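A.B. asks: Got target-v1.txt for you, compact mmCIF, C-alpha atoms:
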```txt
# COMPACT_ATOMS: atom_id res chain seq x y z
CA MET A 1 0.00 0.00 0.00
CA SER A 2 1.44 3.35 -0.99
CA MET A 3 1.74 6.37 1.30
CA GLU A 4 -1.11 7.95 -0.63
CA GLU A 5 -3.33 4.90 -0.05
CA ASN A 6 -2.53 4.74 3.67
CA LYS A 7 -5.12 7.11 5.10
CA SER A 8 -4.64 6.01 8.69
CA GLY A 9 -1.66 8.22 9.56
CA LEU A 10 0.06 5.14 11.00
CA ILE A 11 3.75 4.37 10.45
CA LEU A 12 4.16 0.62 10.74
CA GLU A 13 7.96 0.61 10.77
CA ASN A 14 7.86 2.51 14.09
CA ALA A 15 5.66 -0.05 15.82
CA ARG A 16 7.34 -1.53 18.89
CA THR A 17 5.58 -4.85 19.52
CA PRO A 18 4.02 -7.57 17.34
CA GLU A 19 0.62 -6.90 18.91
CA GLN A 20 0.86 -3.20 18.12
CA LYS A 21 1.94 -3.89 14.56
CA ALA A 22 -0.91 -6.38 14.00
CA LEU A 23 -3.49 -3.87 15.22
CA MET A 24 -1.94 -1.14 13.11
CA GLN A 25 -2.09 -3.34 9.98
CA LYS A 26 -5.80 -3.91 10.53
CA ILE A 27 -6.40 -0.19 11.01
CA VAL A 28 -4.46 0.64 7.85
CA GLN A 29 -6.74 -1.77 5.98
CA ASP A 30 -9.78 -0.07 7.52
CA GLY A 31 -8.44 3.27 6.24
CA VAL A 32 -9.16 5.41 9.30
CA CYS A 33 -7.10 7.29 11.88
CA PRO A 34 -7.48 5.38 15.15
CA PHE A 35 -6.81 8.46 17.27
CA CYS A 36 -9.55 10.59 15.73
CA ALA A 37 -12.36 10.95 18.27
CA GLU A 38 -14.96 9.09 16.22
CA HIS A 39 -12.70 6.00 16.04
CA PHE A 40 -10.68 6.11 19.24
CA LYS A 41 -12.98 4.02 21.40
CA THR A 42 -13.28 1.46 18.61
CA TYR A 43 -9.58 0.77 18.20
CA HIS A 44 -7.77 1.63 21.41
CA PRO A 45 -7.57 -1.52 23.53
CA LYS A 46 -7.13 0.25 26.87
CA PRO A 47 -9.97 1.94 28.78
CA ILE A 48 -10.27 5.72 28.72
CA LEU A 49 -9.33 6.84 32.23
CA LYS A 50 -10.31 10.49 31.89
CA GLU A 51 -11.84 12.62 29.15
CA THR A 52 -11.97 16.41 28.84
CA THR A 53 -13.30 18.66 26.09
CA TYR A 54 -9.95 18.43 24.34
CA TRP A 55 -8.17 15.22 25.37
CA PHE A 56 -8.58 11.51 25.93
CA PHE A 57 -6.37 10.19 28.74
CA THR A 58 -5.51 6.51 28.76
CA GLU A 59 -2.66 4.03 28.96
CA ASN A 60 -0.31 3.36 26.07
CA MET A 61 -1.18 -0.06 24.63
CA SER A 62 2.53 -0.92 24.23
CA PRO A 63 4.35 0.70 27.16
CA TYR A 64 8.07 1.25 26.92
CA ALA A 65 10.21 -1.31 28.68
CA GLY A 66 11.29 -0.18 32.11
CA THR A 67 8.35 2.14 32.77
CA LYS A 68 6.04 1.95 35.74
CA TYR A 69 3.54 4.26 34.08
CA HIS A 70 3.16 5.06 30.40
CA PHE A 71 0.13 7.21 29.65
CA ILE A 72 -1.03 9.01 26.53
CA PHE A 73 -3.15 12.13 25.98
CA VAL A 74 -4.87 12.17 22.60
CA TYR A 75 -6.22 15.35 21.02
CA LYS A 76 -9.95 15.12 20.40
CA LEU A 77 -11.08 18.16 18.44
CA SER A 78 -9.59 17.31 15.04
CA HIS A 79 -6.89 15.41 13.19
CA ILE A 80 -3.76 17.50 13.63
CA THR A 81 -0.08 16.67 13.65
CA LYS A 82 1.51 19.87 15.00
CA PRO A 83 1.19 21.38 18.49
CA SER A 84 0.93 24.83 16.89
CA ASP A 85 -2.47 23.73 15.56
CA ILE A 86 -3.78 23.04 19.06
CA ALA A 87 -6.36 25.50 20.35
CA PRO A 88 -4.59 27.60 23.05
CA GLU A 89 -7.18 26.67 25.65
CA ALA A 90 -6.52 23.01 24.85
CA PHE A 91 -2.88 23.52 25.71
CA ALA A 92 -3.82 24.88 29.13
CA ASP A 93 -6.25 22.00 29.55
CA LEU A 94 -3.44 19.53 28.81
CA PHE A 95 -1.28 21.01 31.55
CA ALA A 96 -4.16 20.83 34.01
CA LEU A 97 -4.80 17.21 33.08
CA ILE A 98 -1.12 16.30 33.42
CA ASN A 99 -1.00 17.88 36.88
CA ALA A 100 -4.13 15.99 37.90
CA VAL A 101 -2.59 12.72 36.71
CA ILE A 102 0.67 13.36 38.53
CA GLU A 103 -1.28 13.99 41.71
CA GLU A 104 -3.71 11.08 41.33
CA TYR A 105 -1.04 8.49 40.56
CA LYS A 106 1.46 10.11 42.96
CA ILE A 107 4.16 10.29 40.30
CA PRO A 108 7.30 11.67 41.98
CA GLY A 109 9.18 12.22 38.74
CA GLY A 110 9.26 11.44 35.06
CA ALA A 111 8.82 13.15 31.75
CA PHE A 112 6.21 14.05 29.25
CA PHE A 113 6.86 14.50 25.60
CA MET A 114 5.07 15.09 22.36
CA ARG A 115 6.27 14.15 18.91
CA PHE A 116 5.17 16.48 16.12
CA GLY A 117 5.27 17.03 12.39
CA ASP A 118 7.10 14.95 9.80
CA THR A 119 7.54 11.41 11.13
CA GLN A 120 10.95 11.16 9.44
CA TYR A 121 12.15 13.34 12.31
CA ASN A 122 10.34 11.91 15.30
CA GLY A 123 9.98 8.11 15.18
CA SER A 124 6.24 8.28 15.79
CA SER A 125 3.96 5.37 14.95
CA VAL A 126 0.81 7.55 14.91
CA GLU A 127 0.69 10.95 13.19
CA HIS A 128 -2.39 12.22 15.04
CA LEU A 129 -1.16 14.56 17.77
CA HIS A 130 -0.78 13.00 21.18
CA SER A 131 1.35 13.54 24.25
CA GLN A 132 2.90 10.90 26.50
CA LEU A 133 3.78 10.79 30.18
CA ILE A 134 6.18 8.19 31.49
CA MET A 135 7.68 7.27 34.80
CA GLY A 136 10.55 4.81 34.94
CA ASP A 137 10.35 1.88 37.33
CA ALA A 138 13.60 2.85 39.04
CA ASP A 139 13.00 0.56 42.04
CA ALA A 140 12.60 -2.60 39.97
CA PRO A 141 15.51 -5.09 40.21
CA GLY A 142 17.82 -4.83 37.21
CA HIS A 143 16.09 -1.67 36.03
CA GLU A 144 17.49 -0.55 32.68
CA PRO A 145 17.44 3.08 31.54
CA VAL A 146 14.29 4.09 29.72
CA ARG A 147 15.09 5.33 26.27
CA VAL A 148 12.42 6.71 24.02
CA LYS A 149 12.88 6.76 20.27
CA LEU A 150 12.48 10.35 19.16
CA GLY A 151 14.07 10.00 15.75
CA MET B 1 12.82 32.85 27.28
CA LEU B 2 13.87 30.80 24.29
CA LEU B 3 17.48 29.62 24.28
CA LYS B 4 19.55 27.47 22.02
CA ASN B 5 20.80 24.40 23.90
CA GLU B 6 24.56 24.84 23.92
CA PHE B 7 25.10 21.15 24.50
CA PRO B 8 23.02 19.42 21.86
CA HIS B 9 22.76 15.67 21.93
CA ARG B 10 24.31 13.50 19.25
CA ASN B 11 22.05 12.77 16.28
CA THR B 12 20.13 16.01 16.59
CA THR B 13 20.19 18.99 14.23
CA GLN B 14 18.58 21.49 16.60
CA MET B 15 17.88 21.64 20.32
CA TRP B 16 16.11 24.55 21.97
CA LEU B 17 15.09 25.35 25.52
CA ILE B 18 12.05 27.25 26.76
CA VAL B 19 12.91 28.45 30.25
CA PRO B 20 10.92 30.56 32.75
CA PHE B 21 12.73 33.61 34.09
CA ARG B 22 11.77 32.87 37.67
CA HIS B 23 13.10 29.83 39.48
CA LEU B 24 10.47 27.16 39.03
CA THR B 25 10.88 23.44 39.63
CA ASP B 26 7.27 22.34 40.02
CA ILE B 27 5.18 22.41 36.86
CA SER B 28 1.99 22.56 38.92
CA ARG B 29 3.00 26.14 39.76
CA LEU B 30 2.77 27.33 36.15
CA ASN B 31 0.23 30.14 35.94
CA PRO B 32 -2.04 30.82 32.93
CA GLY B 33 0.41 33.40 31.62
CA ASP B 34 3.25 30.87 31.72
CA LYS B 35 1.27 28.36 29.70
CA THR B 36 0.36 30.94 27.08
CA GLU B 37 3.95 32.07 26.77
CA ILE B 38 5.27 28.53 26.47
CA PHE B 39 2.82 27.92 23.65
CA ASP B 40 3.77 31.18 21.99
CA LEU B 41 7.53 30.59 22.27
CA PHE B 42 7.18 27.07 20.96
CA SER B 43 5.19 28.26 17.94
CA ARG B 44 7.75 30.96 17.21
CA CYS B 45 10.63 28.51 17.64
CA ILE B 46 9.12 26.16 15.07
CA ALA B 47 8.32 28.94 12.60
CA ASN B 48 11.58 30.90 12.91
CA ASN B 49 13.81 27.84 12.60
CA GLU B 50 11.93 26.01 9.82
CA ILE B 51 11.31 22.99 12.03
CA VAL B 52 9.12 20.45 10.24
CA GLY B 53 9.21 17.68 12.81
CA GLY B 54 10.65 16.56 16.11
CA GLY B 55 9.69 16.33 19.74
CA VAL B 56 8.92 18.42 22.78
CA MET B 57 10.05 17.01 26.11
CA TRP B 58 9.70 18.15 29.71
CA ARG B 59 11.23 16.32 32.63
CA PHE B 60 9.62 16.85 36.03
CA GLY B 61 9.98 15.86 39.67
CA HIS B 62 12.79 13.89 41.25
CA PRO B 63 15.96 13.79 39.10
CA ARG B 64 16.45 10.12 40.00
CA LEU B 65 13.38 9.40 37.90
CA ASN B 66 14.03 11.71 34.99
CA VAL B 67 17.83 12.17 34.84
CA GLY B 68 17.41 15.88 34.43
CA THR B 69 20.64 17.77 35.03
CA ILE B 70 18.94 21.01 36.05
CA GLU B 71 15.93 21.24 38.36
CA HIS B 72 14.87 24.66 37.06
CA ALA B 73 11.90 23.83 34.85
CA HIS B 74 12.54 23.87 31.13
CA VAL B 75 10.98 22.54 27.97
CA ASN B 76 13.21 20.87 25.38
CA VAL B 77 12.42 21.27 21.69
CA ILE B 78 14.38 18.63 19.79
CA VAL B 79 14.91 18.03 16.09
CA PRO B 80 16.53 14.64 15.50
CA THR B 81 18.68 14.08 12.43
CA PRO B 82 16.57 12.23 9.84
CA GLY B 83 17.75 8.70 9.27
CA GLN B 84 19.67 8.49 12.54
CA GLU B 85 18.28 6.99 15.69
CA TYR B 86 17.95 9.33 18.64
CA ARG B 87 16.79 8.21 22.07
CA PRO B 88 16.88 10.75 24.90
CA PRO B 89 17.32 9.01 28.24
CA PHE B 90 14.76 9.15 31.02
CA ALA B 91 16.89 7.00 33.30
CA LYS B 92 20.63 6.37 33.45
CA ASN B 93 23.04 3.85 34.89
CA ALA B 94 26.02 4.69 37.12
CA SER B 95 28.57 5.16 34.32
CA GLU B 96 26.24 7.52 32.46
CA HIS B 97 25.75 9.56 35.63
CA ALA B 98 29.54 9.72 35.99
CA GLU B 99 29.84 11.05 32.42
CA ASP B 100 27.25 13.72 33.19
CA TYR B 101 29.08 14.74 36.33
CA GLN B 102 32.34 15.16 34.45
CA ARG B 103 30.56 17.17 31.80
CA MET B 104 29.02 19.39 34.47
CA LEU B 105 32.45 20.03 35.98
CA GLY B 106 33.71 21.03 32.53
CA PHE B 107 30.85 23.53 32.16
CA ARG B 108 31.58 24.96 35.58
CA ASP B 109 35.26 25.41 34.73
CA GLU B 110 34.46 27.10 31.44
CA LEU B 111 31.97 29.42 33.11
CA MET B 112 34.52 30.38 35.76
CA THR B 113 37.19 31.23 33.16
CA ARG B 114 34.72 33.61 31.53
CA GLY B 115 33.84 35.35 34.77
CA GLY B 116 31.32 33.13 36.49
CA VAL B 117 27.65 33.92 37.08
CA ALA B 118 28.34 37.63 36.79
CA TRP B 119 29.48 37.13 33.22
CA LEU B 120 26.52 34.91 32.43
CA GLY B 121 24.14 37.70 33.46
CA SER B 122 26.12 40.48 31.77
CA VAL B 123 25.27 41.97 28.40
CA GLN B 124 28.19 40.13 26.81
CA GLY B 125 27.23 36.85 28.42
CA ILE B 126 23.64 37.17 27.30
CA LEU B 127 24.67 38.07 23.75
CA GLU B 128 26.94 35.04 23.56
CA THR B 129 24.61 32.53 25.11
CA GLN B 130 21.15 33.52 23.97
CA PRO B 131 19.92 33.71 20.40
CA ALA B 132 17.66 36.49 19.20
CA VAL B 133 14.06 35.35 19.06
```
As structure tokens, what does this structure read like?

C.D. replies:
Amino acid sequence: MSMEENKSGLILENARTPEQKALMQKIVQDGVCPFCAEHFKTYHPKPILKETTYWFFTENMSPYAGTKYHFIFVYKLSHITKPSDIAPEAFADLFALINAVIEEYKIPGGAFFMRFGDTQYNGSSVEHLHSQLIMGDADAPGHEPVRVKLG
Amino acid sequence: MLLKNEFPHRNTTQMWLIVPFRHLTDISRLNPGDKTEIFDLFSRCIANNEIVGGGVMWRFGHPRLNVGTIEHAHVNVIVPTPGQEYRPPFAKNASEHAEDYQRMLGFRDELMTRGGVAWLGSVQGILETQPAV
């Protein structure tokens, strides 16, 4: 299937697990973006933990190795790929949601990140704009550094 | 303020920092004005530097869990080099921490030869370390 025929905005070569890749292949065949609001609940295998006007909050279906928590925040209003296209009030809403999550899950430290734009530069498997929050499981025996592919 | 990261990681073409003027380590203390300015600076950074793709990253909380080298809150805007793998660390082992410590000592020594914190806050220091936005 050519890039033009792939309407899903998914980049299979950046999938991390066989399960993720299998689901992505099905979605590519269906020809929809799985992160767009009208499809999200159909395709995302994890429950939605919180929902605001602008964001879905849920767990990443294929968490990075070495993380205790790996959450995602998916933009609801439209299919965008750049943070500069986010409504300004949605940006403030994202910060509020992140703070609420840090407090609820008692996350003492970690990072949140957002890939954007051309996937040649960011290693993303899904073009639709989403942010991620991770906390490494530093207390686990044999804990290895968490390294996120950003390019 | 928007700053160019003077110590870019390998396999990146651009690294920028968005840093609040006041000393802030807890992102829950960002006020509405902070959030608006972060958004504005990010948008300008992307537009002014012809950035077509990359990542935005913010470490928070205990450094043991995020391997941040500076507690003062800051947003990283990163443009990886296309075709080369880039993985920023969110946790490090002992030897990597040792490398960071040596690097930090090098920065301290360089800063002191230039005149220390006084130089960093001087007109000359600002001109040399901060790009025009």

A.B. asks: What separation in Å, quoted to one decimal, exists between atom CA of Asn14 of chain A and atom CA of Val28 of chain A?

C.D. replies: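 So the two atoms, atom CA of Asn14 of chain A and atom CA of Val28 of chain A, lie 13.9 Å apart.
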
A.B. asks: I'd like the neighbourhood of segment 49-60 of chain A as a ChimeraX atom specification, where a residue qualifies if any of its atoms comes within 12 Å (using all atoms listed in the file), though same-chain residues fewer than 4 positions away should be ignored.

C.D. replies: /A:16,20,35-38,40-41,44-45,64-65,67-79,86-98,100-101,104-105,126,129-134

A.B. asks: For chain A against chain B, which residues fall within 9 Å using all atoms listed in the file, given as an MDAnalysis selection string?

C.D. replies: chainID A and resid 82:84 88:89 91:92 95:96 98:99 107:123 134:138 143:151

A.B. asks: So that I have them on file, write out the residues from the current selection with C-alpha atoms, as a CSV table (one decimal), in the frame of the given file.

C.D. replies:
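selection_15.csv, written as the output of this step:
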```csv
chain,number,residue,atom,x,y,z
A,82,LYS,CA,1.5,19.9,15.0
A,83,PRO,CA,1.2,21.4,18.5
A,84,SER,CA,0.9,24.8,16.9
A,88,PRO,CA,-4.6,27.6,23.0
A,89,GLU,CA,-7.2,26.7,25.6
A,91,PHE,CA,-2.9,23.5,25.7
A,92,ALA,CA,-3.8,24.9,29.1
A,95,PHE,CA,-1.3,21.0,31.6
A,96,ALA,CA,-4.2,20.8,34.0
A,98,ILE,CA,-1.1,16.3,33.4
A,99,ASN,CA,-1.0,17.9,36.9
A,107,ILE,CA,4.2,10.3,40.3
A,108,PRO,CA,7.3,11.7,42.0
A,109,GLY,CA,9.2,12.2,38.7
A,110,GLY,CA,9.3,11.4,35.1
A,111,ALA,CA,8.8,13.2,31.8
A,112,PHE,CA,6.2,14.0,29.2
A,113,PHE,CA,6.9,14.5,25.6
A,114,MET,CA,5.1,15.1,22.4
A,115,ARG,CA,6.3,14.2,18.9
A,116,PHE,CA,5.2,16.5,16.1
A,117,GLY,CA,5.3,17.0,12.4
A,118,ASP,CA,7.1,15.0,9.8
A,119,THR,CA,7.5,11.4,11.1
A,120,GLN,CA,11.0,11.2,9.4
A,121,TYR,CA,12.2,13.3,12.3
A,122,ASN,CA,10.3,11.9,15.3
A,123,GLY,CA,10.0,8.1,15.2
A,134,ILE,CA,6.2,8.2,31.5
A,135,MET,CA,7.7,7.3,34.8
A,136,GLY,CA,10.6,4.8,34.9
A,137,ASP,CA,10.4,1.9,37.3
A,138,ALA,CA,13.6,2.8,39.0
A,143,HIS,CA,16.1,-1.7,36.0
A,144,GLU,CA,17.5,-0.6,32.7
A,145,PRO,CA,17.4,3.1,31.5
A,146,VAL,CA,14.3,4.1,29.7
A,147,ARG,CA,15.1,5.3,26.3
A,148,VAL,CA,12.4,6.7,24.0
A,149,LYS,CA,12.9,6.8,20.3
A,150,LEU,CA,12.5,10.4,19.2
A,151,GLY,CA,14.1,10.0,15.8
```

A.B. asks: Mind giving me the straight-line distance from atom CA of Ser62 of chain A to atom CA of Ala22 of chain A in Å, one decimal?

C.D. replies: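 Result for atom CA of Ser62 of chain A versus atom CA of Ala22 of chain A: 12.1 Å, one decimal.
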
A.B. asks: So what do you get for atom CA of Leu2 of chain B versus atom CA of Pro20 of chain B, distance-wise?

C.D. replies: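 Between these atoms lies a distance of 9.0 Å.
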
A.B. asks: Add whatever atoms are absent from segment 29-54 of chain B to reach N, CA and C atoms, and provide the output as an mmCIF file, in the frame of the given file.

C.D. replies:
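Okay, rebuild_2.cif is ready:
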```cif
data_model
loop_
_atom_site.group_PDB
_atom_site.id
_atom_site.type_symbol
_atom_site.label_atom_id
_atom_site.label_comp_id
_atom_site.auth_asym_id
_atom_site.auth_seq_id
_atom_site.Cartn_x
_atom_site.Cartn_y
_atom_site.Cartn_z
ATOM 1 N N ARG B 29 3.019 24.720 39.390
ATOM 2 C CA ARG B 29 3.000 26.140 39.760
ATOM 3 C C ARG B 29 2.999 27.052 38.518
ATOM 4 N N LEU B 30 2.892 26.491 37.340
ATOM 5 C CA LEU B 30 2.770 27.330 36.150
ATOM 6 C C LEU B 30 1.443 28.077 36.225
ATOM 7 N N ASN B 31 1.482 29.380 35.948
ATOM 8 C CA ASN B 31 0.230 30.140 35.940
ATOM 9 C C ASN B 31 -0.277 30.235 34.494
ATOM 10 N N PRO B 32 -1.499 30.747 34.295
ATOM 11 C CA PRO B 32 -2.040 30.820 32.930
ATOM 12 C C PRO B 32 -1.136 31.580 31.965
ATOM 13 N N GLY B 33 -0.497 32.640 32.473
ATOM 14 C CA GLY B 33 0.410 33.400 31.620
ATOM 15 C C GLY B 33 1.605 32.578 31.172
ATOM 16 N N ASP B 34 2.133 31.751 32.062
ATOM 17 C CA ASP B 34 3.250 30.870 31.720
ATOM 18 C C ASP B 34 2.866 29.945 30.574
ATOM 19 N N LYS B 35 1.695 29.343 30.698
ATOM 20 C CA LYS B 35 1.270 28.360 29.700
ATOM 21 C C LYS B 35 1.104 29.028 28.334
ATOM 22 N N THR B 36 0.537 30.212 28.343
ATOM 23 C CA THR B 36 0.360 30.940 27.080
ATOM 24 C C THR B 36 1.701 31.271 26.470
ATOM 25 N N GLU B 37 2.637 31.692 27.300
ATOM 26 C CA GLU B 37 3.950 32.070 26.770
ATOM 27 C C GLU B 37 4.720 30.863 26.273
ATOM 28 N N ILE B 38 4.600 29.746 26.945
ATOM 29 C CA ILE B 38 5.270 28.530 26.470
ATOM 30 C C ILE B 38 4.753 28.182 25.074
ATOM 31 N N PHE B 39 3.432 28.225 24.932
ATOM 32 C CA PHE B 39 2.820 27.920 23.650
ATOM 33 C C PHE B 39 3.301 28.891 22.579
ATOM 34 N N ASP B 40 3.353 30.161 22.938
ATOM 35 C CA ASP B 40 3.770 31.180 21.990
ATOM 36 C C ASP B 40 5.241 31.003 21.593
ATOM 37 N N LEU B 41 6.104 30.774 22.576
ATOM 38 C CA LEU B 41 7.530 30.590 22.270
ATOM 39 C C LEU B 41 7.766 29.345 21.439
ATOM 40 N N PHE B 42 7.030 28.291 21.743
ATOM 41 C CA PHE B 42 7.180 27.070 20.960
ATOM 42 C C PHE B 42 6.779 27.331 19.500
ATOM 43 N N SER B 43 5.651 27.982 19.308
ATOM 44 C CA SER B 43 5.190 28.260 17.940
ATOM 45 C C SER B 43 6.198 29.101 17.184
ATOM 46 N N ARG B 44 6.755 30.099 17.862
ATOM 47 C CA ARG B 44 7.750 30.960 17.210
ATOM 48 C C ARG B 44 9.035 30.188 16.929
ATOM 49 N N CYS B 45 9.418 29.311 17.831
ATOM 50 C CA CYS B 45 10.630 28.510 17.640
ATOM 51 C C CYS B 45 10.503 27.669 16.375
ATOM 52 N N ILE B 46 9.357 27.032 16.226
ATOM 53 C CA ILE B 46 9.120 26.160 15.070
ATOM 54 C C ILE B 46 9.146 26.990 13.781
ATOM 55 N N ALA B 47 8.445 28.117 13.806
ATOM 56 C CA ALA B 47 8.320 28.940 12.600
ATOM 57 C C ALA B 47 9.654 29.585 12.217
ATOM 58 N N ASN B 48 10.353 30.139 13.203
ATOM 59 C CA ASN B 48 11.580 30.900 12.910
ATOM 60 C C ASN B 48 12.741 30.003 12.500
ATOM 61 N N ASN B 49 12.686 28.728 12.862
ATOM 62 C CA ASN B 49 13.810 27.840 12.600
ATOM 63 C C ASN B 49 13.458 26.741 11.593
ATOM 64 N N GLU B 50 12.337 26.934 10.906
ATOM 65 C CA GLU B 50 11.930 26.010 9.820
ATOM 66 C C GLU B 50 11.939 24.566 10.296
ATOM 67 N N ILE B 51 11.354 24.337 11.453
ATOM 68 C CA ILE B 51 11.310 22.990 12.030
ATOM 69 C C ILE B 51 10.061 22.278 11.521
ATOM 70 N N VAL B 52 10.256 21.165 10.824
ATOM 71 C CA VAL B 52 9.120 20.450 10.240
ATOM 72 C C VAL B 52 8.723 19.219 11.050
ATOM 73 N N GLY B 53 9.562 18.841 11.995
ATOM 74 C CA GLY B 53 9.210 17.680 12.810
ATOM 75 C C GLY B 53 10.219 17.471 13.918
ATOM 76 N N GLY B 54 9.754 16.821 14.984
ATOM 77 C CA GLY B 54 10.650 16.560 16.110
ATOM 78 C C GLY B 54 9.859 16.208 17.337
#
```
